[in-house]
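**Student:** Sharing query.csv below, CSV, C-alpha atoms:
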chain,number,residue,atom,x,y,z
A,1,GLN,CA,22.7,8.3,-5.8
A,2,SER,CA,19.0,9.4,-6.2
A,3,TYR,CA,17.0,10.7,-3.3
A,4,PHE,CA,14.5,8.0,-4.0
A,5,ALA,CA,17.1,5.2,-3.5
A,6,ALA,CA,18.8,6.9,-0.6
A,7,ALA,CA,15.5,7.4,1.3
A,8,HIS,CA,14.7,3.7,0.9
A,9,LYS,CA,18.1,2.9,2.3
A,10,CYS,CA,17.4,5.2,5.3
A,11,ALA,CA,14.1,3.3,5.8
A,12,VAL,CA,15.8,-0.1,5.8
A,13,GLU,CA,18.6,1.0,8.1
A,14,SER,CA,16.1,2.7,10.5
A,15,MET,CA,13.9,-0.4,10.7
A,16,ILE,CA,17.0,-2.5,11.6
A,17,THR,CA,18.6,-0.1,14.1
A,18,ALA,CA,15.6,1.8,15.5
A,19,GLY,CA,12.5,-0.2,14.6
A,20,ASP,CA,11.7,-1.0,18.3
A,21,SER,CA,9.4,2.0,18.5
A,22,LYS,CA,7.7,4.5,16.3
A,23,ALA,CA,9.5,7.4,18.0
A,24,ASN,CA,12.9,5.9,17.5
A,25,PHE,CA,12.1,5.0,13.9
A,26,ARG,CA,10.9,8.5,13.3
A,27,ASP,CA,14.0,10.1,14.7
A,28,SER,CA,16.4,7.7,12.9
A,29,LEU,CA,14.6,8.1,9.5
A,30,ASN,CA,14.4,11.9,9.7
A,31,SER,CA,18.0,12.2,10.7
A,32,CYS,CA,19.1,9.9,7.9
A,33,ARG,CA,17.0,11.7,5.3
A,34,SER,CA,18.3,15.1,6.4
A,35,LYS,CA,21.8,14.0,5.3
A,36,ILE,CA,20.8,12.9,1.7
A,37,LYS,CA,22.6,15.2,-0.7
A,38,ALA,CA,20.4,14.6,-3.7
A,39,GLU,CA,17.2,16.7,-4.2
A,40,PRO,CA,13.9,14.8,-3.9
A,41,GLU,CA,12.4,13.8,-7.3
A,42,THR,CA,9.4,15.8,-8.5
A,43,ASP,CA,7.7,13.0,-10.4
A,44,ILE,CA,7.7,10.4,-7.6
A,45,ARG,CA,7.3,11.2,-3.9
A,46,THR,CA,8.0,8.7,-1.1
A,47,TYR,CA,6.2,8.4,2.2
A,48,PHE,CA,7.1,6.1,5.0
A,49,ALA,CA,4.4,5.5,7.6
A,50,PRO,CA,3.9,6.1,10.4
A,51,VAL,CA,6.4,9.0,10.1
A,52,ASP,CA,4.9,10.4,6.9
A,53,GLY,CA,1.4,9.0,7.2
A,54,ARG,CA,-0.3,12.4,7.7
A,55,ALA,CA,1.6,13.9,4.7
A,56,ALA,CA,0.6,10.9,2.6
A,57,LEU,CA,-3.1,11.4,3.4
A,58,ALA,CA,-2.7,15.1,2.7
A,59,GLN,CA,-1.4,14.2,-0.7
A,60,VAL,CA,-4.3,11.9,-1.4
A,61,GLN,CA,-6.7,14.8,-0.5
A,62,LYS,CA,-4.8,17.4,-2.5
A,63,ALA,CA,-4.7,15.3,-5.6
A,64,GLY,CA,-8.3,14.3,-5.3
A,65,ASN,CA,-9.5,17.9,-4.9
A,66,SER,CA,-7.7,18.7,-8.2
A,67,ALA,CA,-8.7,15.6,-10.2
A,68,ALA,CA,-11.6,15.4,-12.7
A,69,ASP,CA,-12.3,11.8,-11.5
A,70,ILE,CA,-10.8,9.1,-9.4
A,71,SER,CA,-10.5,5.3,-10.0
A,72,ALA,CA,-9.2,3.0,-7.3
A,73,MET,CA,-8.7,-0.6,-6.1
A,74,SER,CA,-8.1,-1.9,-2.6
A,75,HIS,CA,-8.6,-4.9,-0.4
A,76,ARG,CA,-9.8,-2.9,2.6
A,77,LEU,CA,-11.2,0.6,2.9
A,78,SER,CA,-12.0,2.4,6.1
A,79,GLY,CA,-11.1,5.2,8.4
A,80,GLU,CA,-9.6,8.4,7.1
A,81,MET,CA,-9.3,7.1,3.5
A,82,ALA,CA,-13.0,6.3,3.4
A,83,ARG,CA,-13.9,9.7,4.9
A,84,THR,CA,-11.7,11.4,2.3
A,85,LEU,CA,-13.5,9.6,-0.5
A,86,GLN,CA,-16.8,10.5,1.0
A,87,GLY,CA,-15.8,14.1,0.9
A,88,PHE,CA,-15.0,13.8,-2.8
A,89,LEU,CA,-18.4,12.2,-3.4
A,90,THR,CA,-20.2,15.0,-1.4
A,91,LYS,CA,-18.5,17.5,-3.7
A,92,GLY,CA,-19.9,15.6,-6.8
A,93,LYS,CA,-16.6,14.2,-7.8
A,94,PRO,CA,-16.9,10.9,-9.8
A,95,VAL,CA,-15.3,8.0,-7.8
A,96,ARG,CA,-15.0,4.5,-9.2
A,97,PHE,CA,-13.8,1.7,-6.9
A,98,ILE,CA,-13.1,-2.0,-7.2
A,99,LEU,CA,-13.2,-3.8,-3.9
A,100,ASP,CA,-12.6,-7.3,-2.8
A,101,ASP,CA,-15.8,-9.3,-2.9
A,102,ASP,CA,-15.3,-10.2,0.8
A,103,ILE,CA,-16.7,-6.8,1.5
A,104,TYR,CA,-19.9,-7.7,-0.4
A,105,TRP,CA,-20.2,-11.0,1.4
A,106,SER,CA,-19.5,-9.5,4.8
A,107,ARG,CA,-22.4,-7.0,4.2
A,108,LYS,CA,-24.7,-9.6,2.9
A,109,LEU,CA,-24.0,-12.2,5.6
A,110,GLY,CA,-23.7,-9.8,8.5
A,111,GLU,CA,-20.3,-11.3,9.6
A,112,ASP,CA,-16.6,-10.8,9.1
A,113,VAL,CA,-15.4,-12.5,5.9
A,114,GLY,CA,-11.7,-13.0,5.5
A,115,ARG,CA,-10.0,-9.9,6.8
A,116,ASN,CA,-12.9,-7.7,6.0
A,117,MET,CA,-15.0,-6.7,9.0
A,118,VAL,CA,-18.8,-6.4,9.0
A,119,PHE,CA,-18.7,-2.9,10.5
A,120,GLU,CA,-16.3,-1.7,7.8
A,121,ALA,CA,-18.5,-3.2,5.1
A,122,ALA,CA,-21.6,-1.4,6.6
A,123,LYS,CA,-19.8,1.9,6.5
A,124,ILE,CA,-18.7,1.5,2.9
A,125,TYR,CA,-22.3,0.8,1.9
A,126,ARG,CA,-23.7,3.6,4.0
A,127,ASP,CA,-21.1,6.3,3.5
A,128,LEU,CA,-19.8,5.6,0.0
A,129,ILE,CA,-21.9,3.3,-2.2
A,130,SER,CA,-25.1,4.9,-1.2
A,131,LYS,CA,-23.5,8.3,-1.9
A,132,GLY,CA,-22.8,7.4,-5.5
A,133,MET,CA,-19.4,5.6,-5.5
A,134,ASN,CA,-19.4,3.5,-8.7
A,135,THR,CA,-18.4,0.2,-7.2
A,136,ARG,CA,-17.5,-3.2,-8.5
A,137,PHE,CA,-16.3,-6.3,-6.6
A,138,LEU,CA,-13.5,-8.6,-7.7
A,139,GLU,CA,-14.2,-12.3,-6.8
A,140,THR,CA,-11.5,-13.9,-4.6
A,141,PHE,CA,-11.1,-16.9,-2.3
A,142,HIS,CA,-10.3,-15.8,1.2
A,143,ALA,CA,-10.1,-19.4,2.6
A,144,GLY,CA,-7.1,-19.9,0.3
A,145,PHE,CA,-5.8,-16.4,1.2
A,146,GLN,CA,-6.4,-15.2,-2.4
A,147,LEU,CA,-7.1,-11.5,-2.0
A,148,GLN,CA,-7.8,-8.6,-4.3
A,149,HIS,CA,-4.7,-7.0,-2.9
A,150,ASN,CA,-4.3,-4.0,-5.2
A,151,LYS,CA,-3.9,-0.7,-3.3
A,152,PHE,CA,-3.9,2.3,-5.6
A,153,ILE,CA,-5.7,5.4,-6.7
A,154,VAL,CA,-5.5,6.8,-10.2
A,155,TYR,CA,-6.2,10.5,-10.6
A,156,ASN,CA,-7.3,11.9,-13.9
A,157,PHE,CA,-6.5,15.6,-14.3
A,158,GLY,CA,-7.9,15.8,-17.8
A,159,GLY,CA,-4.9,15.3,-20.0
A,160,SER,CA,-2.5,14.2,-17.3
A,161,GLY,CA,-2.7,11.9,-14.3
A,162,ALA,CA,-1.1,10.6,-11.2
A,163,VAL,CA,-1.1,7.5,-9.0
A,164,PHE,CA,-1.1,7.0,-5.2
A,165,THR,CA,0.0,3.5,-4.3
A,166,GLY,CA,2.1,1.5,-1.8
A,167,ALA,CA,2.2,-1.4,0.6
A,168,GLY,CA,-0.5,-0.2,3.1
A,169,ASN,CA,-4.1,-1.0,3.0
A,170,PHE,CA,-6.5,1.9,2.8
A,171,THR,CA,-7.1,2.0,6.6
A,172,SER,CA,-6.2,4.5,9.3
A,173,ALA,CA,-3.8,2.0,10.9
A,174,ALA,CA,-1.8,1.8,7.6
A,175,PHE,CA,-1.1,5.6,7.7
A,176,ASN,CA,-0.9,6.1,11.5
A,177,ALA,CA,0.4,3.0,13.2
A,178,ASN,CA,1.9,0.5,10.7
A,179,PHE,CA,5.3,0.6,9.1
A,180,GLU,CA,4.3,1.1,5.4
A,181,ASN,CA,5.6,2.7,2.3
A,182,PHE,CA,3.5,4.9,-0.1
A,183,TYR,CA,4.2,6.7,-3.3
A,184,TYR,CA,2.6,9.5,-5.3
A,185,ILE,CA,3.7,9.1,-8.9
A,186,GLU,CA,3.4,11.4,-11.9
A,187,ILE,CA,5.6,9.4,-14.3
A,188,PRO,CA,3.4,9.0,-17.4
A,189,GLU,CA,4.3,5.4,-18.2
A,190,VAL,CA,3.7,4.4,-14.6
A,191,VAL,CA,0.3,6.1,-14.6
A,192,ASP,CA,-0.6,4.4,-17.8
A,193,ALA,CA,0.3,1.0,-16.3
A,194,TYR,CA,-1.9,1.6,-13.4
A,195,LYS,CA,-4.8,2.7,-15.6
A,196,LYS,CA,-4.4,-0.6,-17.5
A,197,GLN,CA,-4.4,-2.5,-14.3
A,198,TYR,CA,-7.6,-0.8,-13.2
A,199,ASP,CA,-9.3,-1.5,-16.6
Could you rewrite the structure in this file as structure tokens?

**Tutor:**
Amino acid sequence: QSYFAAAHKCAVESMITAGDSKANFRDSLNSCRSKIKAEPETDIRTYFAPVDGRAALAQVQKAGNSAADISAMSHRLSGEMARTLQGFLTKGKPVRFILDDDIYWSRKLGEDVGRNMVFEAAKIYRDLISKGMNTRFLETFHAGFQLQHNKFIVYNFGGSGAVFTGAGNFTSAAFNANFENFYYIEIPEVVDAYKKQYD
């Protein structure tokens, strides 16, 4: 009976009955969600891209602006998410990021490695790593499709925290074009679990 569960049911039903276009999916999802009787939870917010992609990115920016520091992991990093992190770095906010080592090898070899593209790797080095992003790479095996496929941001507010996570990679397409689900979570035990995963 929760809003969280009902919203997911709306997403599933809209994919089945109206997933032939983004416009139809948007109309179906919004219509279904407007009929949910329960109030949205305050400790976990749900975003379904592409309908809620802009709102999801806005939440990433809002939380980042308030955070003392940011720790994140992802397989890919580009577009609006990368520009958002660059903005945090420009303001002097500490950002730690664990990336798939395919990005390292793509930069070093000057070619696409796995699903990571050389132009994305070049931008990560130019716009983020050179600007002070504390970066580590997790070794993977792309030929066997073993990816560092975490996709989350942990925000530290100094005594409390939050997590942004979901199915989508940290690319513009994930927020604006793909069908994806994202979550902003403030449930303490969930935040703790993601902190442990990062560590």

**Student:** I'd like to know which of A:Ala143, A:Ile129, A:Ile153, A:Leu99 is closest to A:Ala63, using all atoms listed in the file.

**Tutor:**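 Counting all atoms listed in the file, the residue closest to A:Ala63 is A:Ile153.
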
**Student:** Compare A:Tyr47, A:Phe152, A:Phe175, A:Phe88 by their minimum atom-to-atom distance to A:Asp127, counting only C-alpha atoms, and give me the closest one.

**Tutor:** A:Phe88

**Student:** Which residues come within 6 Å of stretch 177-181 of chain A, counting only C-alpha atoms, excluding same-chain residues fewer than 5 positions away, as a PyMOL selection string?

**Tutor:** chain A and resi 47-50+166-168

**Student:** Residues as selected, C-alpha atoms, written as a JSON list (two decimals), in the frame of the given file, can you do that?

**Tutor:**
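Once everything was written out, this is result.json:
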[["chain", "number", "residue", "atom", "x", "y", "z"],
["A", 47, "TYR", "CA", 6.20, 8.40, 2.20],
["A", 48, "PHE", "CA", 7.10, 6.10, 5.00],
["A", 49, "ALA", "CA", 4.40, 5.50, 7.60],
["A", 50, "PRO", "CA", 3.90, 6.10, 10.40],
["A", 166, "GLY", "CA", 2.10, 1.50, -1.80],
["A", 167, "ALA", "CA", 2.20, -1.40, 0.60],
["A", 168, "GLY", "CA", -0.50, -0.20, 3.10]]

**Student:** Rank A:Arg83, A:Tyr198, A:Phe182, A:Lys108 by their smallest atom-to-atom distance to A:Asp52, using all atoms listed in the file, and report the top residue only.

**Tutor:**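 Looking only at the distances to A:Asp52, the closest residue turns out to be A:Phe182.
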
**Student:** Work out how far apart atom CA of A:Phe157 and atom CA of A:Asp69 are and give it in Å to one decimal.

**Tutor:**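 Separating atom CA of A:Phe157 from atom CA of A:Asp69 is a distance of 7.5 Å.
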
**Student:** Taking all atoms listed in the file into account, which of A:Ala7, A:Ala162, A:Leu57, A:Ala18 comes nearest A:Asn176?

**Tutor:**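 The shortest atom-to-atom distance to A:Asn176 comes from A:Leu57.
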
**Student:** Just to confirm, what's the straight-line distance from atom CA of A:Arg107 to atom CA of A:Val95 in Å (one decimal)?

**Tutor:** 20.5 Å

**Student:** Give me, please, the distance in Å between atom CA of A:Ile124 and atom CA of A:Gly110, quoted to one decimal.

**Tutor:**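 Atom CA of A:Gly110 lies 13.6 Å from atom CA of A:Ile124.
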
**Student:** Which neighbours of A:Gly79 fall inside 9 Å, counting all atoms listed in the file, when residues of the same chain fewer than 4 positions from it are skipped, and could you give them as a PyMOL selection string?

**Tutor:** chain A and resi 83-84+120+170-173

**Student:** What's the 9 Å shell around A:Leu89, counting only C-alpha atoms, without same-chain residues fewer than 4 positions away, as a PyMOL selection string?

**Tutor:** chain A and resi 84-85+93-95+128+131-133

**Student:** Keeping only C-alpha atoms, write those residues as an mmCIF file, in the frame of the given file.

**Tutor:**
data_model
loop_
_atom_site.group_PDB
_atom_site.id
_atom_site.type_symbol
_atom_site.label_atom_id
_atom_site.label_comp_id
_atom_site.auth_asym_id
_atom_site.auth_seq_id
_atom_site.Cartn_x
_atom_site.Cartn_y
_atom_site.Cartn_z
ATOM 1 C CA THR A 84 -11.700 11.400 2.300
ATOM 2 C CA LEU A 85 -13.500 9.600 -0.500
ATOM 3 C CA LYS A 93 -16.600 14.200 -7.800
ATOM 4 C CA PRO A 94 -16.900 10.900 -9.800
ATOM 5 C CA VAL A 95 -15.300 8.000 -7.800
ATOM 6 C CA LEU A 128 -19.800 5.600 0.000
ATOM 7 C CA LYS A 131 -23.500 8.300 -1.900
ATOM 8 C CA GLY A 132 -22.800 7.400 -5.500
ATOM 9 C CA MET A 133 -19.400 5.600 -5.500
#

**Student:** Pick out the residues sitting within 10 Å of A:Tyr194, and hand them over as a list in words; count all atoms listed in the file, and ignore anything fewer than 5 positions along from it in its own chain.

**Tutor:**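 Returned residues: Ser71, Ala72, Phe152, Ile153, Val154, Ala162, Val163, Phe164, Thr165, Pro188, Glu189 and Asp199 of chain A.
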
**Student:** Which of these, A:Ser34, A:Ser21, A:Gln197, A:Thr46, has the shortest distance to A:His8 once you count all atoms listed in the file?

**Tutor:**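 Going through A:Ser34, A:Ser21, A:Gln197, A:Thr46 one by one, the smallest distance to A:His8 is for A:Thr46.
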
**Student:** With all atoms listed in the file as the basis for distance, which of A:Phe137, A:Ile70, A:Leu77, A:Ser106 is at the shortest distance from A:Lys195?

**Tutor:** A:Ile70

**Student:** Would you kindly return, as an MDAnalysis selection string, each protein, DNA or RNA residue with an atom no farther than 8 Å from any atom of A:Val113, considering only C-alpha atoms and excluding same-chain residues fewer than 6 positions away?

**Tutor:** chainID A and resid 102:103 105:106 142
